[in-house]
file start_38.txt (compact mmCIF, C-alpha atoms)
# COMPACT_ATOMS: atom_id res chain seq x y z
CA MET B 1462 130.05 7.92 21.17
CA ASP B 1463 132.82 10.33 22.11
CA GLY B 1464 132.52 14.07 22.64
CA ILE B 1465 133.66 14.99 19.11
CA ASP B 1466 130.99 12.80 17.47
CA ALA B 1467 128.36 14.04 19.92
CA TRP B 1468 129.10 17.67 19.12
CA GLU B 1469 129.03 16.96 15.38
CA ALA B 1470 125.61 15.32 15.75
CA ALA B 1471 124.41 18.29 17.82
CA ARG B 1472 125.64 20.81 15.24
CA GLN B 1473 123.97 18.89 12.42
CA ALA B 1474 120.67 18.69 14.33
CA ALA B 1475 120.75 22.43 14.99
CA ALA B 1476 121.48 23.16 11.32
CA ASP B 1477 118.63 20.87 10.23
CA ALA B 1478 116.27 22.68 12.62
CA GLY B 1479 117.43 26.11 11.44
CA VAL B 1480 118.64 27.27 14.84
CA THR B 1481 121.83 28.12 16.66
CA ILE B 1482 122.24 26.88 20.23
CA ARG B 1483 124.51 28.31 22.88
CA GLU B 1484 124.91 28.20 26.63
CA LEU B 1485 123.06 30.83 28.60
CA HIS B 1486 125.14 33.30 30.62
CA ASP B 1487 123.85 36.78 29.78
CA LEU B 1488 121.55 38.41 32.37
CA GLU B 1489 119.11 39.83 29.83
CA GLU B 1490 118.92 36.47 28.08
CA THR B 1491 118.12 34.91 31.44
CA HIS B 1492 115.03 37.13 31.73
CA GLN B 1493 114.06 36.36 28.12
CA ALA B 1494 114.36 32.62 28.79
CA CYS B 1495 112.05 32.84 31.81
CA ARG B 1496 109.49 34.77 29.77
CA LEU B 1497 109.63 32.12 27.04
CA ILE B 1498 108.96 29.38 29.62
CA GLU B 1499 106.06 31.45 30.96
CA ARG B 1500 104.54 31.70 27.46
CA VAL B 1501 104.95 28.00 26.70
CA TRP B 1502 103.29 26.86 29.94
CA ARG B 1503 100.91 29.84 30.07
CA THR B 1504 101.56 30.36 33.75
CA GLY B 1505 101.18 34.12 34.07
CA SER B 1506 103.86 36.20 35.71
CA GLY B 1507 102.50 35.58 39.21
CA ASP B 1508 103.27 31.85 39.27
CA PRO B 1509 106.45 31.25 37.23
CA LEU B 1510 107.96 27.80 36.70
CA MET B 1511 111.43 29.39 36.68
CA THR B 1512 112.53 32.74 38.07
CA PRO B 1513 115.45 34.73 36.64
CA GLU B 1514 117.22 34.54 40.01
CA LEU B 1515 117.05 30.75 40.16
CA LEU B 1516 118.05 30.40 36.52
CA ARG B 1517 120.99 32.72 37.12
CA VAL B 1518 122.18 30.55 40.02
CA LEU B 1519 121.68 27.37 37.98
CA SER B 1520 123.83 28.74 35.18
CA HIS B 1521 126.55 30.14 37.43
CA SER B 1522 126.84 27.00 39.57
CA GLY B 1523 127.59 24.66 36.65
CA GLY B 1524 124.14 23.44 35.65
CA TYR B 1525 123.07 23.01 32.06
CA THR B 1526 121.40 26.12 30.61
CA SER B 1527 121.09 26.64 26.87
CA VAL B 1528 119.00 28.64 24.44
CA ALA B 1529 118.12 28.12 20.78
CA TYR B 1530 117.81 31.05 18.39
CA GLU B 1531 116.13 31.39 15.02
CA GLY B 1532 117.99 34.41 13.75
CA GLU B 1533 117.58 37.01 16.49
CA ARG B 1534 114.51 35.38 18.06
CA MET B 1535 114.83 33.05 21.06
CA ALA B 1536 112.99 29.89 20.05
CA GLY B 1537 113.75 27.41 22.84
CA VAL B 1538 115.30 26.85 26.25
CA SER B 1539 116.71 23.77 27.99
CA LEU B 1540 117.68 23.63 31.66
CA GLY B 1541 119.24 20.85 33.74
CA LEU B 1542 120.73 20.44 37.19
CA LEU B 1543 123.55 18.20 38.32
CA ALA B 1544 122.14 15.17 40.14
CA THR B 1545 123.08 11.78 41.51
CA VAL B 1546 122.65 10.07 38.14
CA GLY B 1547 124.62 12.81 36.39
CA LEU B 1548 122.25 15.44 34.96
CA HIS B 1549 118.52 15.91 35.54
CA SER B 1550 116.89 17.82 32.69
CA HIS B 1551 114.23 19.94 34.37
CA ILE B 1552 112.74 22.01 31.53
CA THR B 1553 112.97 21.95 27.76
CA ALA B 1554 110.63 24.45 26.13
CA VAL B 1555 110.11 25.37 22.48
CA GLU B 1556 108.01 28.38 21.47
CA GLY B 1557 104.87 27.50 19.52
CA ALA B 1558 106.01 29.12 16.28
CA SER B 1559 109.09 26.87 16.22
CA ARG B 1560 107.43 23.55 17.08
CA GLY B 1561 107.38 20.75 14.57
CA ARG B 1562 110.83 21.59 13.19
CA SER B 1563 112.96 19.42 15.52
CA VAL B 1564 114.18 22.32 17.67
CA GLY B 1565 113.58 20.21 20.77
CA TYR B 1566 115.65 17.39 19.27
CA ALA B 1567 118.49 19.81 18.55
CA LEU B 1568 118.37 21.06 22.14
CA LYS B 1569 118.51 17.51 23.51
CA LEU B 1570 121.51 16.59 21.32
CA HIS B 1571 123.26 19.76 22.50
CA GLN B 1572 122.50 18.73 26.09
CA ARG B 1573 123.86 15.25 25.34
CA ALA B 1574 127.15 16.58 23.92
CA TRP B 1575 127.51 18.99 26.86
CA ALA B 1576 127.05 16.12 29.33
CA ILE B 1577 129.46 13.76 27.52
CA ASP B 1578 132.12 16.50 27.60
CA ARG B 1579 131.83 16.49 31.39
CA GLY B 1580 131.93 12.72 31.83
CA ILE B 1581 128.22 12.52 32.71
CA PRO B 1582 126.92 9.01 31.89
CA ALA B 1583 123.17 9.64 31.82
CA VAL B 1584 120.44 12.25 31.80
CA THR B 1585 117.07 11.87 33.51
CA TRP B 1586 113.84 13.82 33.19
CA THR B 1587 110.11 13.45 33.71
CA PHE B 1588 107.19 13.83 31.34
CA ASP B 1589 103.43 13.37 31.41
CA PRO B 1590 102.75 9.79 30.21
CA LEU B 1591 99.44 10.89 28.66
CA VAL B 1592 101.13 13.24 26.17
CA SER B 1593 101.56 10.96 23.17
CA ARG B 1594 103.91 13.18 21.14
CA ASN B 1595 106.30 13.53 24.09
CA ALA B 1596 106.23 9.79 24.75
CA TYR B 1597 107.16 9.09 21.13
CA PHE B 1598 109.90 11.74 21.14
CA ASN B 1599 111.44 10.60 24.42
CA LEU B 1600 111.21 6.83 23.97
CA ALA B 1601 111.30 6.23 20.21
CA LYS B 1602 113.34 9.14 18.87
CA LEU B 1603 115.81 9.67 21.74
CA GLY B 1604 115.81 6.14 23.14
CA ALA B 1605 115.27 7.14 26.77
CA VAL B 1606 114.07 4.34 29.07
CA PRO B 1607 111.24 4.77 31.64
CA THR B 1608 112.43 3.76 35.09
CA GLU B 1609 109.61 4.82 37.41
CA TYR B 1610 105.94 5.85 37.36
CA LEU B 1611 105.41 8.83 39.69
CA PRO B 1612 101.76 9.50 40.64
CA ASN B 1613 100.85 13.18 41.13
CA PHE B 1614 104.56 14.02 41.27
CA TYR B 1615 104.27 17.83 41.43
CA GLY B 1616 100.91 18.00 43.18
CA VAL B 1617 98.60 20.82 42.13
CA MET B 1618 99.93 23.05 39.35
CA HIS B 1619 98.20 26.20 38.14
CA ASP B 1620 99.57 26.68 34.63
CA GLU B 1621 97.11 26.20 31.76
CA VAL B 1622 98.84 23.02 30.56
CA ASN B 1623 98.51 21.13 33.87
CA ALA B 1624 95.60 22.83 35.67
CA GLY B 1625 92.76 20.56 36.73
CA THR B 1626 94.67 17.27 36.52
CA ASP B 1627 96.94 15.19 38.71
CA THR B 1628 100.57 15.58 37.67
CA ASP B 1629 101.54 11.95 37.07
CA ARG B 1630 104.95 11.64 35.45
CA LEU B 1631 107.21 9.00 33.94
CA LEU B 1632 110.84 9.28 35.02
CA VAL B 1633 113.14 8.32 32.15
CA ARG B 1634 116.87 7.68 31.94
CA TRP B 1635 118.84 8.50 28.79
CA ASP B 1636 122.07 6.50 28.58
CA LEU B 1637 124.68 8.62 26.80
CA SER B 1638 127.11 5.84 25.99
CA GLY B 1639 125.64 4.79 22.64
CA ASP B 1640 123.45 5.90 19.76
CA PRO B 1641 120.63 8.17 21.00
CA ALA B 1642 117.90 5.85 19.75
CA ALA B 1643 119.57 2.42 19.84
CA ARG B 1644 117.02 0.16 21.57
CA PRO B 1645 116.38 -3.57 21.24
CA GLY B 1646 113.01 -4.55 19.80
CA PRO B 1647 110.33 -5.92 22.14
CA ARG B 1648 109.54 -9.62 22.50
CA ARG B 1649 106.37 -10.65 20.68
CA ASP B 1650 105.60 -13.97 22.36
CA VAL B 1651 102.06 -13.33 23.63
CA VAL B 1652 100.85 -9.77 23.02
CA VAL B 1653 97.69 -8.51 24.75
CA VAL B 1654 95.95 -5.15 25.02
CA GLY B 1655 95.99 -3.85 28.58
CA LEU B 1656 94.28 -0.52 27.87
CA ASP B 1657 92.48 0.73 24.77
CA SER B 1658 90.17 3.54 23.68
CA GLY B 1659 86.47 2.74 23.68
CA PRO B 1660 83.22 4.55 22.85
CA GLY B 1661 83.37 8.29 23.41
CA ASP B 1662 87.18 8.16 23.53
CA ARG B 1663 86.98 6.71 27.05
CA PRO B 1664 89.57 4.22 28.35
CA VAL B 1665 88.71 0.52 28.41
CA ALA B 1666 90.83 -1.83 30.52
CA GLY B 1667 91.83 -5.13 28.96
CA ARG B 1668 94.21 -7.96 29.80
CA THR B 1669 97.63 -8.04 31.40
CA ASP B 1670 98.25 -11.79 31.20
CA GLY B 1671 100.54 -11.71 28.17
CA ASP B 1672 104.28 -11.42 27.78
CA VAL B 1673 103.89 -8.02 26.12
CA VAL B 1674 101.11 -5.63 27.13
CA MET B 1675 100.08 -2.73 24.89
CA VAL B 1676 98.81 0.37 26.73
CA ARG B 1677 96.97 3.02 24.71
CA VAL B 1678 96.97 6.75 25.49
CA PRO B 1679 94.85 9.45 23.80
CA SER B 1680 96.18 10.96 20.59
CA ASP B 1681 95.82 14.50 22.02
CA ILE B 1682 95.24 14.62 25.76
CA GLU B 1683 95.43 18.42 25.85
CA ALA B 1684 92.52 18.77 23.42
CA LEU B 1685 90.61 16.10 25.38
CA ARG B 1686 91.12 18.04 28.63
CA ARG B 1687 89.50 21.08 27.02
CA ARG B 1688 86.45 19.33 25.56
CA ASP B 1689 85.96 16.52 28.10
CA PRO B 1690 87.74 17.13 31.44
CA TRP B 1691 86.05 14.14 33.06
CA GLY B 1692 87.17 11.84 30.26
CA ALA B 1693 90.74 13.13 30.62
CA ARG B 1694 90.65 12.33 34.34
CA GLU B 1695 89.42 8.82 33.52
CA TRP B 1696 92.45 8.35 31.25
CA ARG B 1697 94.76 9.58 33.99
CA SER B 1698 93.36 7.03 36.42
CA ALA B 1699 93.37 4.19 33.89
CA VAL B 1700 96.96 4.76 32.73
CA ARG B 1701 98.09 5.05 36.36
CA ASP B 1702 96.40 1.73 37.18
CA VAL B 1703 97.61 -0.22 34.14
CA LEU B 1704 100.96 1.29 33.12
CA GLY B 1705 101.90 2.38 36.64
CA GLY B 1706 100.71 -0.91 38.07
CA LEU B 1707 102.79 -2.99 35.65
CA MET B 1708 105.90 -0.90 36.24
CA ALA B 1709 105.45 -1.26 40.01
CA LYS B 1710 105.56 -5.04 39.48
CA GLY B 1711 108.86 -4.80 37.63
CA TRP B 1712 107.63 -4.75 34.04
CA SER B 1713 109.70 -2.72 31.53
CA VAL B 1714 108.51 -0.15 29.04
CA THR B 1715 110.46 -1.03 25.91
CA GLY B 1716 108.99 1.37 23.40
CA PHE B 1717 106.22 3.64 22.23
CA ALA B 1718 104.47 3.24 18.88
CA ARG B 1719 103.74 6.34 16.82
CA ASP B 1720 100.01 5.52 16.83
CA GLY B 1721 99.82 5.88 20.62
CA TRP B 1722 100.76 2.61 22.37
CA TYR B 1723 103.24 1.95 25.16
CA VAL B 1724 104.94 -1.44 24.75
CA VAL B 1725 105.39 -3.05 28.18
CA GLU B 1726 107.26 -6.33 28.68
CA ARG B 1727 107.04 -8.87 31.45
CA PRO B 1728 110.30 -9.15 33.45
CA ALA B 1729 112.59 -12.06 32.68
CA GLY B 1730 114.22 -14.36 35.22
CA PRO B 1731 118.00 -14.63 35.71
CA ASP B 1732 118.23 -17.27 32.94
CA GLY B 1733 116.38 -15.02 30.50
CA ASP B 1734 113.10 -16.94 30.67
CA ILE B 1735 109.89 -15.00 31.12
CA LEU B 1736 108.72 -15.09 34.70
CA LEU B 1737 105.51 -16.91 35.52
CA ARG B 1738 102.34 -14.93 35.02
CA GLU B 1739 100.55 -13.64 38.10
call {"tool": "encode", "arguments": {"input": "start_38.txt", "output": "structure tokens"}}
result
Amino acid sequence: MDGIDAWEAARQAAADAGVTIRELHDLEETHQACRLIERVWRTGSGDPLMTPELLRVLSHSGGYTSVAYEGERMAGVSLGLLATVGLHSHITAVEGASRGRSVGYALKLHQRAWAIDRGIPAVTWTFDPLVSRNAYFNLAKLGAVPTEYLPNFYGVMHDEVNAGTDTDRLLVRWDLSGDPAARPGPRRDVVVVGLDSGPGDRPVAGRTDGDVVMVRVPSDIEALRRRDPWGAREWRSAVRDVLGGLMAKGWSVTGFARDGWYVVERPAGPDGDILLRE
């Protein structure tokens, strides 16, 4: 896709979401954007994820900084920094009142068009693999591809979203050369369940001796953290062991089903045949 088509797709996505998106340069807007991020992550002003000074430098030095507006109200923010791969998207935040209306999708397509205009081939970012809605959005809707499982990537965080849990992340790469969600379907030779939900919504390990392994995550990990912190920690450990363990062996995550399953495929040999099982 060329830059003209990418911008047309971005404009259509913004119109469908009922927002306008523009790059961030104004100083007052910079402060507003930081306050929005603070509200989304519920950090409190004493431990911000992004300071106005750092955001100002990011914008002025050529990084990606954009804001989405619903009328006069700032509804979302997306920030990225130039990196070895091209662009690393650090934060995309949508205010609660605007969620569920594809504002995040519009921001990502704006980011995509911005990057294509600058000859950037790919965008990377991280997300919590336990958050089912983000996994579906990133893998199924955008077509990003997980490349690495990162245990406790940020260490201890004190915002209300991440407090009390290890900050495991999946690093994904979004290739900008084709359709945003153009992905081949997974092989279905021998499909097994590597991790499922058992009694009490606790994780139950299964098999990993198939060609395709399905890995379940909770439908709402944030609600589970509130009502059952120990159960949420068990899920963190189980997903790290199964999903992280398979990826460390070279397996590929090829999709995410809407009902909460990662699809993980055994690596193929140079002739395309499935490698021998462990």
call {"tool": "residues_near_point", "arguments": {"input": "start_38.txt", "point": "(129.8, 15.3, 28.2)", "cutoff": "12 Å", "atoms": "all atoms listed in the file", "output": "list in words"}}
result
Met1462, Asp1463, Gly1464, Ile1465, Asp1466, Ala1467, Trp1468, Tyr1525, Gly1547, Leu1548, Leu1570, His1571, Gln1572, Arg1573, Ala1574, Trp1575, Ala1576, Ile1577, Asp1578, Arg1579, Gly1580, Ile1581, Pro1582, Ala1583, Val1584, Asp1636, Leu1637 and Ser1638 of chain B
call {"tool": "atom_distance", "arguments": {"input": "start_38.txt", "atom1": "atom CA of B:Asp1681", "atom2": "atom CA of B:Val1633"}}
result
21.0 Å
call {"tool": "atom_distance", "arguments": {"input": "start_38.txt", "atom1": "atom CA of B:Thr1626", "atom2": "atom CA of B:Thr1553"}}
result
20.8 Å
call {"tool": "residues_near_point", "arguments": {"input": "start_38.txt", "point": "(95.1, 11.8, 25.4)", "cutoff": "7 Å", "atoms": "all atoms listed in the file", "output": "ChimeraX atom specification"}}
result
/B:1591-1593,1678-1683,1685,1693
call {"tool": "residues_around", "arguments": {"input": "start_38.txt", "residues": "B:Asn1599", "least_positions_apart": "5", "cutoff": "10 Å", "atoms": "all atoms listed in the file", "output": "list in words"}}
result
Tyr1566, Lys1569, Trp1586, Thr1587, Phe1588, Ser1593, Arg1594, Gly1604, Ala1605, Val1606, Pro1607, Val1633, Arg1634, Trp1635, Ala1642, Gly1716 and Phe1717 of chain B
call {"tool": "closest_residue", "arguments": {"input": "start_38.txt", "among": "B:Arg1677, B:Arg1517, B:Lys1710, B:Arg1496", "to": "B:Glu1556", "atoms": "all atoms listed in the file"}}
result
B:Arg1496
call {"tool": "atom_distance", "arguments": {"input": "start_38.txt", "atom1": "atom CA of B:Pro1664", "atom2": "atom CA of B:Thr1608"}}
result
23.8 Å
call {"tool": "closest_residue", "arguments": {"input": "start_38.txt", "among": "B:Asp1650, B:Glu1695, B:Asp1589, B:Asp1689", "to": "B:Thr1628", "atoms": "only C-alpha atoms"}}
result
B:Asp1589
call {"tool": "closest_residue", "arguments": {"input": "start_38.txt", "among": "B:Gly1671, B:Gly1692, B:Gly1524, B:Gly1705", "to": "B:Pro1612", "atoms": "all atoms listed in the file"}}
result
B:Gly1705
call {"tool": "residues_around", "arguments": {"input": "start_38.txt", "residues": "B:Arg1668", "least_positions_apart": "4", "cutoff": "8 Å", "atoms": "only C-alpha atoms", "output": "PyMOL selection string"}}
result
chain B and resi 1653-1656+1674
call {"tool": "closest_residue", "arguments": {"input": "start_38.txt", "among": "B:Gly1479, B:Gly1721, B:Pro1690, B:Gly1507", "to": "B:Gly1532", "atoms": "all atoms listed in the file"}}
result
B:Gly1479
call {"tool": "residues_around", "arguments": {"input": "start_38.txt", "residues": "B:Ala1709", "least_positions_apart": "6", "cutoff": "10 Å", "atoms": "all atoms listed in the file", "output": "mmCIF file with C-alpha atoms, keeping the file's coordinate frame"}}
result
data_model
loop_
_atom_site.group_PDB
_atom_site.id
_atom_site.type_symbol
_atom_site.label_atom_id
_atom_site.label_comp_id
_atom_site.auth_asym_id
_atom_site.auth_seq_id
_atom_site.Cartn_x
_atom_site.Cartn_y
_atom_site.Cartn_z
ATOM 1 C CA THR B 1608 112.430 3.760 35.090
ATOM 2 C CA GLU B 1609 109.610 4.820 37.410
ATOM 3 C CA TYR B 1610 105.940 5.850 37.360
ATOM 4 C CA ASP B 1702 96.400 1.730 37.180
ATOM 5 C CA VAL B 1703 97.610 -0.220 34.140
#
call {"tool": "closest_residue", "arguments": {"input": "start_38.txt", "among": "B:Ala1474, B:Leu1510, B:Ile1482, B:Ala1544", "to": "B:Ser1527", "atoms": "all atoms listed in the file"}}
result
B:Ile1482
call {"tool": "closest_residue", "arguments": {"input": "start_38.txt", "among": "B:Met1708, B:Val1546, B:Met1535, B:Ala1471", "to": "B:Thr1491", "atoms": "all atoms listed in the file"}}
result
B:Met1535
call {"tool": "build_atoms", "arguments": {"input": "start_38.txt", "residues": "stretch 1471-1482 of chain B", "atoms": "all heavy atoms", "output": "PDB file, in the frame of the given file"}}
result
ATOM      1  N   ALA B1471     125.169  17.152  17.306  1.00  0.00           N
ATOM      2  CA  ALA B1471     124.410  18.290  17.820  1.00  0.00           C
ATOM      3  C   ALA B1471     124.413  19.447  16.823  1.00  0.00           C
ATOM      4  O   ALA B1471     123.383  20.090  16.596  1.00  0.00           O
ATOM      5  CB  ALA B1471     125.002  18.743  19.161  1.00  0.00           C
ATOM      6  N   ARG B1472     125.563  19.720  16.218  1.00  0.00           N
ATOM      7  CA  ARG B1472     125.640  20.810  15.240  1.00  0.00           C
ATOM      8  C   ARG B1472     124.769  20.517  14.015  1.00  0.00           C
ATOM      9  O   ARG B1472     124.088  21.402  13.491  1.00  0.00           O
ATOM     10  CB  ARG B1472     127.094  21.044  14.828  1.00  0.00           C
ATOM     11  CG  ARG B1472     127.899  21.820  15.861  1.00  0.00           C
ATOM     12  CD  ARG B1472     129.257  22.212  15.303  1.00  0.00           C
ATOM     13  NE  ARG B1472     130.146  21.067  15.184  1.00  0.00           N
ATOM     14  CZ  ARG B1472     130.973  20.674  16.150  1.00  0.00           C
ATOM     15  NH1 ARG B1472     131.025  21.334  17.296  1.00  0.00           N
ATOM     16  NH2 ARG B1472     131.763  19.630  15.981  1.00  0.00           N
ATOM     17  N   GLN B1473     124.777  19.259  13.576  1.00  0.00           N
ATOM     18  CA  GLN B1473     123.970  18.890  12.420  1.00  0.00           C
ATOM     19  C   GLN B1473     122.474  19.014  12.736  1.00  0.00           C
ATOM     20  O   GLN B1473     121.688  19.492  11.907  1.00  0.00           O
ATOM     21  CB  GLN B1473     124.292  17.468  11.974  1.00  0.00           C
ATOM     22  CG  GLN B1473     123.589  17.057  10.686  1.00  0.00           C
ATOM     23  CD  GLN B1473     123.967  17.943   9.522  1.00  0.00           C
ATOM     24  OE1 GLN B1473     125.134  18.106   9.194  1.00  0.00           O
ATOM     25  NE2 GLN B1473     122.959  18.547   8.870  1.00  0.00           N
ATOM     26  N   ALA B1474     122.081  18.585  13.943  1.00  0.00           N
ATOM     27  CA  ALA B1474     120.670  18.690  14.330  1.00  0.00           C
ATOM     28  C   ALA B1474     120.220  20.143  14.402  1.00  0.00           C
ATOM     29  O   ALA B1474     119.104  20.484  13.987  1.00  0.00           O
ATOM     30  CB  ALA B1474     120.451  17.999  15.678  1.00  0.00           C
ATOM     31  N   ALA B1475     121.086  21.016  14.925  1.00  0.00           N
ATOM     32  CA  ALA B1475     120.750  22.430  14.990  1.00  0.00           C
ATOM     33  C   ALA B1475     120.618  23.029  13.588  1.00  0.00           C
ATOM     34  O   ALA B1475     119.691  23.796  13.300  1.00  0.00           O
ATOM     35  CB  ALA B1475     121.799  23.193  15.794  1.00  0.00           C
ATOM     36  N   ALA B1476     121.538  22.665  12.698  1.00  0.00           N
ATOM     37  CA  ALA B1476     121.480  23.160  11.320  1.00  0.00           C
ATOM     38  C   ALA B1476     120.205  22.678  10.631  1.00  0.00           C
ATOM     39  O   ALA B1476     119.527  23.455   9.928  1.00  0.00           O
ATOM     40  CB  ALA B1476     122.711  22.712  10.551  1.00  0.00           C
ATOM     41  N   ASP B1477     119.846  21.412  10.836  1.00  0.00           N
ATOM     42  CA  ASP B1477     118.630  20.870  10.230  1.00  0.00           C
ATOM     43  C   ASP B1477     117.381  21.580  10.740  1.00  0.00           C
ATOM     44  O   ASP B1477     116.393  21.736  10.010  1.00  0.00           O
ATOM     45  CB  ASP B1477     118.511  19.373  10.513  1.00  0.00           C
ATOM     46  CG  ASP B1477     119.570  18.553   9.793  1.00  0.00           C
ATOM     47  OD1 ASP B1477     120.206  19.079   8.859  1.00  0.00           O
ATOM     48  OD2 ASP B1477     119.772  17.380  10.188  1.00  0.00           O
ATOM     49  N   ALA B1478     117.415  21.998  12.016  1.00  0.00           N
ATOM     50  CA  ALA B1478     116.270  22.680  12.620  1.00  0.00           C
ATOM     51  C   ALA B1478     116.268  24.184  12.327  1.00  0.00           C
ATOM     52  O   ALA B1478     115.304  24.877  12.660  1.00  0.00           O
ATOM     53  CB  ALA B1478     116.257  22.446  14.131  1.00  0.00           C
ATOM     54  N   GLY B1479     117.349  24.692  11.755  1.00  0.00           N
ATOM     55  CA  GLY B1479     117.430  26.110  11.440  1.00  0.00           C
ATOM     56  C   GLY B1479     117.657  26.998  12.632  1.00  0.00           C
ATOM     57  O   GLY B1479     117.199  28.150  12.662  1.00  0.00           O
ATOM     58  N   VAL B1480     118.384  26.482  13.635  1.00  0.00           N
ATOM     59  CA  VAL B1480     118.640  27.270  14.840  1.00  0.00           C
ATOM     60  C   VAL B1480     120.129  27.233  15.178  1.00  0.00           C
ATOM     61  O   VAL B1480     120.879  26.382  14.694  1.00  0.00           O
ATOM     62  CB  VAL B1480     117.848  26.729  16.061  1.00  0.00           C
ATOM     63  CG1 VAL B1480     116.349  26.876  15.835  1.00  0.00           C
ATOM     64  CG2 VAL B1480     118.199  25.277  16.373  1.00  0.00           C
ATOM     65  N   THR B1481     120.524  28.170  16.002  1.00  0.00           N
ATOM     66  CA  THR B1481     121.830  28.120  16.660  1.00  0.00           C
ATOM     67  C   THR B1481     121.578  27.957  18.153  1.00  0.00           C
ATOM     68  O   THR B1481     120.623  28.531  18.689  1.00  0.00           O
ATOM     69  CB  THR B1481     122.642  29.398  16.401  1.00  0.00           C
ATOM     70  OG1 THR B1481     121.888  30.539  16.847  1.00  0.00           O
ATOM     71  CG2 THR B1481     122.964  29.552  14.926  1.00  0.00           C
ATOM     72  N   ILE B1482     122.414  27.168  18.805  1.00  0.00           N
ATOM     73  CA  ILE B1482     122.240  26.880  20.230  1.00  0.00           C
ATOM     74  C   ILE B1482     123.510  27.260  20.961  1.00  0.00           C
ATOM     75  O   ILE B1482     124.612  26.937  20.520  1.00  0.00           O
ATOM     76  CB  ILE B1482     121.915  25.382  20.455  1.00  0.00           C
ATOM     77  CG1 ILE B1482     120.613  25.010  19.730  1.00  0.00           C
ATOM     78  CG2 ILE B1482     121.798  25.072  21.954  1.00  0.00           C
ATOM     79  CD1 ILE B1482     120.281  23.527  19.790  1.00  0.00           C
TER      80      ILE B1482
END
